[in-house]
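What follows is structure.txt (compact mmCIF, C-alpha atoms and all ligand atoms).
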# COMPACT_ATOMS: atom_id res chain seq x y z
CA MET A 1 125.55 47.27 132.43
CA THR A 2 124.33 50.79 131.71
CA PRO A 3 125.18 51.82 128.14
CA HIS A 4 127.87 54.49 128.06
CA LEU A 5 125.40 56.94 126.51
CA PHE A 6 123.27 56.74 129.64
CA ASN A 7 126.00 57.26 132.22
CA PRO A 8 125.66 60.58 134.02
CA ILE A 9 128.24 63.32 133.53
CA ILE A 10 129.08 66.33 135.68
CA LEU A 11 129.91 69.71 134.14
CA ASN A 12 131.32 71.83 136.95
CA ALA A 13 128.61 71.23 139.58
CA VAL A 14 125.84 70.44 137.09
CA GLU A 15 124.98 66.76 136.77
CA LEU A 16 123.41 65.55 133.52
CA SER A 17 121.54 62.25 133.67
CA ASN A 18 122.91 61.09 130.32
CA ARG A 19 125.36 62.09 127.56
CA ILE A 20 122.74 63.31 125.09
CA VAL A 21 122.38 67.04 124.54
CA VAL A 22 119.75 68.76 122.44
CA SER A 23 121.76 71.11 120.26
CA PRO A 24 120.77 74.78 120.02
CA MET A 25 118.35 75.41 117.18
CA CYS A 26 117.12 78.86 116.16
CA GLN A 27 113.35 78.95 115.90
CA TYR A 28 112.92 82.43 114.35
CA MET A 29 109.73 82.86 116.37
CA ALA A 30 110.67 85.68 118.75
CA ASN A 31 109.14 89.15 118.80
CA HIS A 32 111.69 91.93 119.36
CA GLY A 33 113.97 89.26 120.80
CA SER A 34 111.35 87.94 123.23
CA ALA A 35 110.31 84.29 123.41
CA THR A 36 106.70 83.48 122.52
CA ASP A 37 104.24 80.62 123.01
CA TRP A 38 106.08 78.77 120.26
CA HIS A 39 109.06 78.49 122.59
CA LEU A 40 106.85 77.09 125.35
CA MET A 41 105.74 74.34 123.01
CA HIS A 42 109.15 73.72 121.45
CA TYR A 43 111.23 73.68 124.63
CA GLY A 44 108.41 72.25 126.75
CA GLN A 45 108.24 69.05 124.70
CA LEU A 46 112.03 68.73 124.43
CA SER A 47 112.51 69.26 128.17
CA MET A 48 110.47 66.11 128.87
CA GLY A 49 113.46 63.95 128.08
CA ALA A 50 114.96 64.56 124.66
CA GLY A 51 118.37 64.75 126.35
CA GLY A 52 120.11 65.22 129.69
CA LEU A 53 120.77 68.81 128.65
CA LEU A 54 118.61 71.01 126.46
CA ILE A 55 120.45 74.05 125.11
CA PHE A 56 118.21 76.92 124.06
CA GLU A 57 118.86 78.36 120.61
CA ALA A 58 121.34 81.14 119.77
CA THR A 59 120.16 83.88 122.12
CA HIS A 60 121.59 87.19 121.07
CA VAL A 61 123.26 89.62 123.40
CA ALA A 62 122.30 92.76 121.45
CA PRO A 63 119.58 93.69 118.93
CA GLU A 64 122.19 94.20 116.19
CA GLY A 65 123.70 90.83 117.09
CA ARG A 66 120.54 89.01 115.97
CA ILE A 67 120.65 87.01 112.76
CA SER A 68 117.13 88.08 111.80
CA HIS A 69 114.28 90.22 113.14
CA ARG A 70 112.73 87.02 114.52
CA CYS A 71 115.71 85.80 116.57
CA LEU A 72 115.73 85.29 120.30
CA GLY A 73 117.59 87.81 122.47
CA LEU A 74 118.55 88.43 126.07
CA TYR A 75 119.31 92.13 126.04
CA SER A 76 116.24 93.67 127.71
CA ASP A 77 114.04 93.19 130.73
CA ASP A 78 111.21 92.11 128.41
CA ASN A 79 113.46 89.45 126.85
CA GLU A 80 114.41 88.22 130.31
CA THR A 81 110.80 87.97 131.49
CA ALA A 82 109.76 86.14 128.33
CA ILE A 83 112.54 83.56 128.44
CA LYS A 84 112.07 83.04 132.17
CA ARG A 85 108.46 82.07 131.47
CA VAL A 86 109.75 79.32 129.15
CA VAL A 87 112.41 78.16 131.61
CA ASP A 88 109.90 78.04 134.47
CA PHE A 89 107.54 76.04 132.25
CA CYS A 90 110.29 73.54 131.41
CA ARG A 91 111.25 73.25 135.08
CA ALA A 92 107.64 72.60 136.08
CA TYR A 93 107.05 69.78 133.59
CA GLY A 94 110.40 68.67 132.20
CA VAL A 95 113.38 66.70 133.44
CA ALA A 96 116.28 68.03 131.35
CA ARG A 97 118.94 70.42 132.58
CA LEU A 98 118.65 73.72 130.75
CA GLY A 99 121.35 75.66 128.95
CA VAL A 100 121.38 78.75 126.80
CA GLN A 101 123.65 79.60 123.90
CA LEU A 102 124.73 83.25 124.02
CA ALA A 103 125.52 84.60 120.59
CA HIS A 104 126.31 87.60 118.42
CA ALA A 105 125.84 87.10 114.68
CA GLY A 106 128.52 89.64 113.66
CA ARG A 107 128.75 90.08 109.89
CA LYS A 108 126.06 87.41 109.34
CA ALA A 109 123.38 89.50 111.09
CA SER A 110 120.54 91.47 109.46
CA VAL A 111 119.30 88.71 107.17
CA HIS A 112 116.03 86.97 106.36
CA THR A 113 115.25 83.78 108.24
CA PRO A 114 116.30 80.58 106.41
CA MET A 115 112.62 79.89 105.67
CA GLU A 116 112.59 83.19 103.73
CA GLY A 117 115.87 82.48 101.93
CA GLY A 118 118.46 83.73 104.47
CA LYS A 119 119.69 86.63 102.31
CA PRO A 120 120.56 90.13 103.66
CA LEU A 121 117.59 92.37 104.48
CA GLY A 122 116.69 94.87 101.76
CA PRO A 123 116.56 98.65 102.27
CA ASP A 124 112.80 98.57 103.07
CA GLU A 125 113.12 95.72 105.55
CA LYS A 126 114.65 97.59 108.47
CA PRO A 127 118.20 96.31 107.93
CA TRP A 128 120.93 97.37 110.32
CA ILE A 129 124.68 97.89 110.09
CA THR A 130 126.46 94.67 110.98
CA LEU A 131 129.67 94.38 112.99
CA GLY A 132 132.77 92.27 112.46
CA PRO A 133 136.48 92.07 113.20
CA SER A 134 137.25 93.50 109.73
CA ALA A 135 135.14 95.21 107.09
CA LEU A 136 134.94 92.02 105.00
CA PRO A 137 131.53 90.81 103.81
CA PHE A 138 130.48 87.17 104.24
CA THR A 139 130.30 86.86 100.46
CA SER A 140 129.66 89.04 97.41
CA GLY A 141 126.28 90.78 97.55
CA TRP A 142 126.40 90.94 101.33
CA PRO A 143 127.06 94.24 103.11
CA ALA A 144 130.50 94.75 104.62
CA PRO A 145 130.35 94.89 108.41
CA ARG A 146 131.72 97.83 110.35
CA ALA A 147 135.07 96.81 111.87
CA LEU A 148 134.84 96.95 115.65
CA THR A 149 136.94 99.62 117.36
CA ALA A 150 138.58 99.08 120.75
CA GLU A 151 135.63 100.91 122.31
CA ASP A 152 133.15 98.66 120.48
CA LEU A 153 134.96 95.55 121.72
CA ALA A 154 134.46 96.67 125.31
CA ILE A 155 130.75 97.26 124.59
CA VAL A 156 130.23 93.84 122.98
CA LYS A 157 132.09 92.11 125.81
CA GLN A 158 129.82 93.85 128.31
CA GLN A 159 126.76 92.78 126.30
CA PHE A 160 127.83 89.14 126.68
CA VAL A 161 128.37 89.69 130.41
CA ASP A 162 124.98 91.38 130.86
CA ALA A 163 123.24 88.55 129.03
CA ALA A 164 125.07 85.98 131.15
CA VAL A 165 123.95 87.78 134.32
CA ARG A 166 120.39 87.55 133.04
CA ALA A 167 120.85 83.85 132.14
CA ALA A 168 122.02 83.05 135.67
CA ARG A 169 119.17 85.07 137.21
CA ILE A 170 116.63 83.25 135.04
CA GLY A 171 117.87 79.93 136.41
CA PHE A 172 119.67 78.26 133.52
CA ASP A 173 122.21 75.60 134.55
CA VAL A 174 124.61 76.05 131.65
CA VAL A 175 125.82 78.85 129.38
CA GLU A 176 127.41 78.04 126.04
CA LEU A 177 129.17 80.83 124.14
CA HIS A 178 128.66 80.58 120.41
CA ALA A 179 132.08 80.76 118.78
CA GLY A 180 131.14 78.75 115.70
CA HIS A 181 129.12 78.88 112.47
CA GLY A 182 130.70 82.08 111.19
CA TYR A 183 129.26 84.33 113.89
CA LEU A 184 131.13 87.11 115.67
CA LEU A 185 133.39 85.18 118.06
CA HIS A 186 134.27 82.68 115.32
CA GLU A 187 134.89 85.61 112.95
CA PHE A 188 137.63 86.79 115.29
CA VAL A 189 139.38 83.41 115.42
CA SER A 190 139.23 82.80 111.68
CA PRO A 191 141.81 84.45 109.39
CA ILE A 192 139.13 84.38 106.68
CA SER A 193 137.09 87.09 108.42
CA ASN A 194 139.75 88.63 110.68
CA GLN A 195 142.44 90.63 108.93
CA ARG A 196 143.05 93.17 111.67
CA ASP A 197 146.49 94.59 112.21
CA ASP A 198 146.10 95.34 115.93
CA GLU A 199 146.50 92.95 118.89
CA TYR A 200 143.21 91.22 117.89
CA GLY A 201 144.40 90.07 114.46
CA GLY A 202 147.28 88.24 112.81
CA SER A 203 148.69 85.41 114.93
CA LEU A 204 146.38 82.78 116.42
CA GLU A 205 147.17 84.21 119.84
CA ASN A 206 145.84 87.58 118.69
CA ARG A 207 142.82 86.18 116.87
CA MET A 208 141.74 84.21 119.95
CA ARG A 209 142.19 87.22 122.21
CA PHE A 210 138.70 88.72 121.97
CA PRO A 211 136.73 85.46 122.32
CA LEU A 212 138.94 84.52 125.28
CA GLU A 213 138.39 87.91 126.89
CA VAL A 214 134.65 87.46 126.47
CA PHE A 215 134.84 83.95 127.91
CA GLU A 216 136.83 85.14 130.94
CA ALA A 217 134.44 88.01 131.62
CA VAL A 218 131.40 85.75 131.40
CA ARG A 219 132.97 83.01 133.50
CA ALA A 220 133.88 85.56 136.17
CA ILE A 221 130.29 86.68 136.78
CA LEU A 222 128.62 83.26 136.69
CA PRO A 223 127.81 81.78 140.08
CA ARG A 224 130.10 79.11 141.50
CA GLY A 225 129.19 75.68 140.12
CA PHE A 226 127.48 77.09 137.05
CA ALA A 227 128.66 75.28 133.91
CA CYS A 228 130.11 77.40 131.12
CA GLY A 229 131.31 76.07 127.78
CA ALA A 230 131.79 77.14 124.20
CA ARG A 231 130.77 75.97 120.75
CA ILE A 232 133.92 76.15 118.68
CA THR A 233 134.89 75.23 115.15
CA GLY A 234 137.07 72.22 114.31
CA SER A 235 137.77 73.42 110.78
CA ASP A 236 136.70 76.20 108.44
CA TRP A 237 136.94 73.64 105.60
CA ILE A 238 138.61 76.23 103.40
CA GLU A 239 142.20 77.03 102.47
CA GLY A 240 143.56 79.68 104.85
CA GLY A 241 140.89 79.05 107.48
CA ILE A 242 140.99 77.63 111.01
CA THR A 243 142.66 74.21 111.15
CA PRO A 244 142.08 71.38 113.64
CA ASP A 245 145.48 72.19 115.20
CA GLU A 246 144.33 75.75 115.85
CA MET A 247 141.08 74.44 117.30
CA VAL A 248 143.07 72.34 119.78
CA GLN A 249 145.00 75.42 120.89
CA PHE A 250 141.80 77.43 121.27
CA ALA A 251 140.26 74.59 123.33
CA SER A 252 143.37 74.52 125.57
CA GLU A 253 143.20 78.26 126.15
CA LEU A 254 139.51 78.00 126.99
CA LYS A 255 140.21 75.15 129.39
CA SER A 256 142.88 77.11 131.22
CA ARG A 257 140.28 79.86 131.76
CA GLY A 258 137.76 77.53 133.41
CA CYS A 259 135.80 76.32 130.39
CA ASP A 260 133.82 73.23 131.40
CA PHE A 261 133.32 71.81 127.90
CA VAL A 262 133.71 72.48 124.22
CA ASP A 263 131.01 71.64 121.70
CA VAL A 264 132.92 71.12 118.48
CA THR A 265 131.15 71.98 115.25
CA SER A 266 132.66 73.17 111.95
CA GLY A 267 132.18 75.37 108.90
CA GLN A 268 129.91 78.28 107.96
CA ILE A 269 132.54 81.04 107.87
CA ASP A 270 132.65 81.18 104.07
CA PRO A 271 130.28 79.77 101.44
CA ARG A 272 133.27 78.42 99.45
CA GLN A 273 133.79 75.80 102.19
CA LYS A 274 133.89 72.14 101.22
CA ILE A 275 132.38 70.13 104.07
CA PRO A 276 132.51 66.33 103.80
CA PHE A 277 129.03 65.85 105.25
CA GLY A 278 128.40 62.33 106.49
CA PRO A 279 127.50 60.51 109.72
CA GLY A 280 129.51 61.95 112.62
CA TYR A 281 131.62 64.18 110.35
CA ASN A 282 132.78 66.31 113.30
CA VAL A 283 133.63 63.45 115.69
CA ALA A 284 137.37 63.55 114.95
CA PHE A 285 137.50 67.18 116.14
CA ALA A 286 135.91 66.36 119.51
CA ARG A 287 138.38 63.48 119.88
CA ARG A 288 141.32 65.81 119.32
CA ALA A 289 139.96 68.44 121.74
CA LYS A 290 139.45 65.76 124.39
CA GLN A 291 142.77 63.97 123.90
CA GLU A 292 145.07 66.91 123.17
CA ALA A 293 143.49 69.78 125.11
CA GLY A 294 142.23 67.49 127.87
CA ILE A 295 138.85 69.17 127.91
CA THR A 296 135.38 67.61 128.16
CA ALA A 297 134.13 67.51 124.58
CA MET A 298 130.80 67.26 122.85
CA SER A 299 130.43 66.20 119.24
CA VAL A 300 127.68 67.43 116.94
CA GLY A 301 126.71 66.84 113.34
CA MET A 302 124.76 63.99 111.79
CA ILE A 303 124.62 61.87 114.90
CA THR A 304 121.25 60.31 114.38
CA ARG A 305 121.20 56.72 115.61
CA ALA A 306 121.41 55.25 119.11
CA GLN A 307 124.15 52.71 118.28
CA GLN A 308 126.19 55.41 116.54
CA ALA A 309 125.93 57.70 119.59
CA GLU A 310 126.76 54.85 121.96
CA LYS A 311 129.88 54.01 119.93
CA ILE A 312 131.08 57.64 120.03
CA ILE A 313 130.85 57.72 123.82
CA ALA A 314 132.04 54.14 124.43
CA SER A 315 135.15 54.62 122.26
CA GLY A 316 136.04 57.78 124.17
CA ASP A 317 135.86 59.95 121.05
CA ALA A 318 133.59 62.41 122.87
CA ASP A 319 132.08 62.81 126.31
CA MET A 320 128.68 63.94 125.03
CA VAL A 321 126.79 63.98 121.76
CA ALA A 322 124.55 66.81 120.63
CA ILE A 323 121.63 66.06 118.37
CA ALA A 324 119.71 68.74 116.49
CA ARG A 325 117.47 67.69 113.59
CA ALA A 326 116.95 64.19 114.98
CA ALA A 327 115.58 65.71 118.19
CA MET A 328 113.16 67.96 116.32
CA ASP A 329 112.08 64.99 114.24
CA ASP A 330 111.67 62.79 117.30
CA PRO A 331 111.43 64.65 120.63
CA ARG A 332 111.37 61.20 122.26
CA TRP A 333 114.73 60.26 120.69
CA VAL A 334 116.26 59.50 124.09
CA TRP A 335 113.43 57.24 125.17
CA HIS A 336 113.74 55.28 121.95
CA ALA A 337 117.55 55.13 122.22
CA ALA A 338 117.25 53.88 125.81
CA ARG A 339 114.89 51.15 124.70
CA GLU A 340 117.20 50.11 121.86
CA LEU A 341 120.29 50.04 124.08
CA GLY A 342 118.55 48.47 127.06
CA ALA A 343 118.78 51.44 129.43
CA GLU A 344 116.31 52.92 131.85
CA THR A 345 115.32 56.54 131.44
CA GLY A 346 112.91 58.77 133.31
CA TYR A 347 109.36 59.29 132.03
CA PRO A 348 107.14 61.96 133.55
CA ARG A 349 104.61 60.10 135.77
CA ASN A 350 101.60 60.82 133.61
CA TYR A 351 103.41 59.43 130.53
CA GLN A 352 104.50 56.17 132.14
CA ARG A 353 101.52 54.36 130.67
CA CYS A 354 102.87 54.93 127.17
CA HIS A 355 105.99 52.80 127.78
CA PRO A 356 105.59 49.80 125.43
CA SER A 357 106.30 47.37 128.27
CA VAL A 358 103.03 48.52 129.85
CA TRP A 359 100.68 48.24 126.91
CA GLN A 360 102.23 46.53 123.90
CA PRO A 361 101.47 42.81 123.56
C1 LIG B 401 116.63 74.58 112.56
C2 LIG B 401 118.05 74.66 113.00
C3 LIG B 401 118.48 75.75 113.75
C4 LIG B 401 119.80 75.82 114.20
N1 LIG B 401 120.18 76.84 115.03
C5 LIG B 401 121.39 76.80 115.63
C6 LIG B 401 121.72 77.70 116.67
O1 LIG B 401 120.90 78.49 117.14
N2 LIG B 401 122.98 77.64 117.19
C7 LIG B 401 123.90 76.71 116.74
O2 LIG B 401 125.04 76.71 117.23
N3 LIG B 401 123.59 75.83 115.80
C8 LIG B 401 122.36 75.84 115.25
N4 LIG B 401 122.01 74.87 114.36
C9 LIG B 401 122.98 73.79 114.08
C10 LIG B 401 122.72 72.61 115.00
O3 LIG B 401 122.85 72.95 116.36
C11 LIG B 401 123.66 71.45 114.66
O4 LIG B 401 124.98 71.87 114.90
C12 LIG B 401 123.54 70.99 113.21
O5 LIG B 401 122.17 70.93 112.81
C13 LIG B 401 124.16 69.62 113.01
O6 LIG B 401 123.54 68.68 113.87
P1 LIG B 401 122.43 67.61 113.35
O7 LIG B 401 123.06 66.87 112.21
O8 LIG B 401 122.17 66.74 114.55
O9 LIG B 401 121.22 68.37 112.90
C14 LIG B 401 120.71 74.80 113.86
C15 LIG B 401 120.28 73.73 113.07
C16 LIG B 401 118.97 73.64 112.66
C17 LIG B 401 118.53 72.44 111.88
Would you mind writing the structure in this file as structure tokens?
Amino acid sequence: MTPHLFNPIILNAVELSNRIVVSPMCQYMANHGSATDWHLMHYGQLSMGAGGLLIFEATHVAPEGRISHRCLGLYSDDNETAIKRVVDFCRAYGVARLGVQLAHAGRKASVHTPMEGGKPLGPDEKPWITLGPSALPFTSGWPAPRALTAEDLAIVKQQFVDAAVRAARIGFDVVELHAGHGYLLHEFVSPISNQRDDEYGGSLENRMRFPLEVFEAVRAILPRGFACGARITGSDWIEGGITPDEMVQFASELKSRGCDFVDVTSGQIDPRQKIPFGPGYNVAFARRAKQEAGITAMSVGMITRAQQAEKIIASGDADMVAIARAAMDDPRWVWHAARELGAETGYPRNYQRCHPSVWQP
């Protein structure tokens, strides 16, 4: 019997050959938002079979929506040409379906890359004014964002739509909106970062309004059959933040607007968070989204072993698992998991001779 992890799944009209997804991972190797040769290497190797779906890193919809100067973007013709080169490369040699995570970093933009410490850019480092639901900084020592006006909201929504149009034209199969990790769309949903007194703040209904409007606008322009999901947060892990109950309501609202899946992460809205890191620490959130909102759910976070992933899918806790660091550590994670669980998985023809059954005594 095929292990549950290796059963195909269909998101809208997009079929994935297995339940393993390579989670988006910023590479901080773009120039003015445009992908480089690094991305050819990084995504090229992962597209050979690290998962049924490979989601490209947070790809920002506006220059000021980038986390750092080195982040990937999809806001110009140059960005589109550069990322298309990577997608075409992956299509030519890889087997994975390809997704892109569209993002806006909100009040967490204009910082150094994590390799350089991740702190806000200094005055001589070409910083820019960040944007957020309210003029509340991420933490002390960080600049306060400019609170978005009604006019700004329309502009940002259009930036997401324009980037989604580009993503579809490039030939991605899946778009995932980033509404987690303390970035702009998450900042709207969380009471920690959203203290507006208009129709976009206050009640959960109001706080969800902008992300849902963005989702609807993006969904409306994507071609029929195109899969569109969202990375959402299961908990802010801080008093007064988003709760799992609120996450379930957000997932339900997304579903009713044609969302094909949620990818449930948690945390990163406030450094005072207390996250109980451990194997599969977000699995319970995916389970609740799946059971209570009735939406296809992906779990992410410290899912590192084949048996662990198989158990998550077999038990029905989640429909898919996303792996991040384990995939960077071992771009052949899926091949090794298949071997361990006794499943067949596709090898590119010219790599078939490396299968241990062919050459190992
Ligand atoms: C180098 C690196 C870059 C990341 N960049 C992103 C990103 O672009 N978008 C995102 O939603 N999460 C990002 N993450 C978080 C991962 O997608 C994932 O949620 C997290 O690492 C937990 O999964 P893991 O335990 O399998 O690594 C990043 C993680 C790493 C290690």
Exercise for review: Compute the set of protein, DNA and RNA residues whose minimum atom distance to ligand LIG 401 (chain B) is at most 6 Å, using only C-alpha atoms and all ligand atoms, and state it as a list in words.
Suggested key: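 My answer, listing the contacting residues, is Ser23, Pro24, Met25, Cys26, Glu57, Ala58, Val300, Gly301, Met302, Ile303, Ile323, Ala324, Arg325 and Ala326 of chain A.
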Check your understanding: If you count all atoms listed in the file, which residues fall within 10 Å of A:Asp162, apart from same-chain ones fewer than 5 positions away, as JSON, numbers by chain?
Key -> {"A": [61, 62, 74, 75, 76, 156, 157, 167, 218, 221]}
Exercise for review: Find, counting all atoms listed in the file, the residue in A:Leu177, A:Val214, A:Ile192, A:Ile312 that gets nearest to A:Leu153.
Suggested key: A:Val214
Exercise for review: Name the residues within 8 Å of (133.1, 95.4, 129.9), counting only C-alpha atoms in the file's coordinates, and put them as a PyMOL selection string.
Suggested key: chain A and resi 154-159+161+217
Review point. How many Å lie between atom CA of A:Pro145 and atom CA of A:Asp198, rounded to one decimal?
Key: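 Separating atom CA of A:Pro145 from atom CA of A:Asp198 is a distance of 17.5 Å.
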Check your understanding: Hey, what's within 6 Å of A:Val334 if we count only C-alpha atoms and toss same-chain stuff fewer than 3 positions away? As a list in words, please?
Key ->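 Returned residues: Ala50, Ala337 and Ala338 of chain A.
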Exercise for review: Using atom CA of A:Pro211 and atom CA of A:Glu64 as the two end points, give the distance in Å to one decimal.
Suggested key: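 It comes out at 18.0 Å.
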Check your understanding: What does the distance between atom CA of A:Gln45 and atom CA of A:Phe6 come to in Å, to one decimal place?
Key -> 20.0 Å
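Distances from A:Thr233, A:Thr113, A:Gln291, A:Thr149 to A:Tyr183 were compared using all atoms listed in the file, and the smallest one belongs to A:Thr233.
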**Study point:** Shell of 9 Å around A:Gly33, all atoms listed in the file, local chain residues under 2 positions omitted, as a PyMOL selection string
**Key:** chain A and resi 29-31+35+59-60+63+66+69-76+78-79
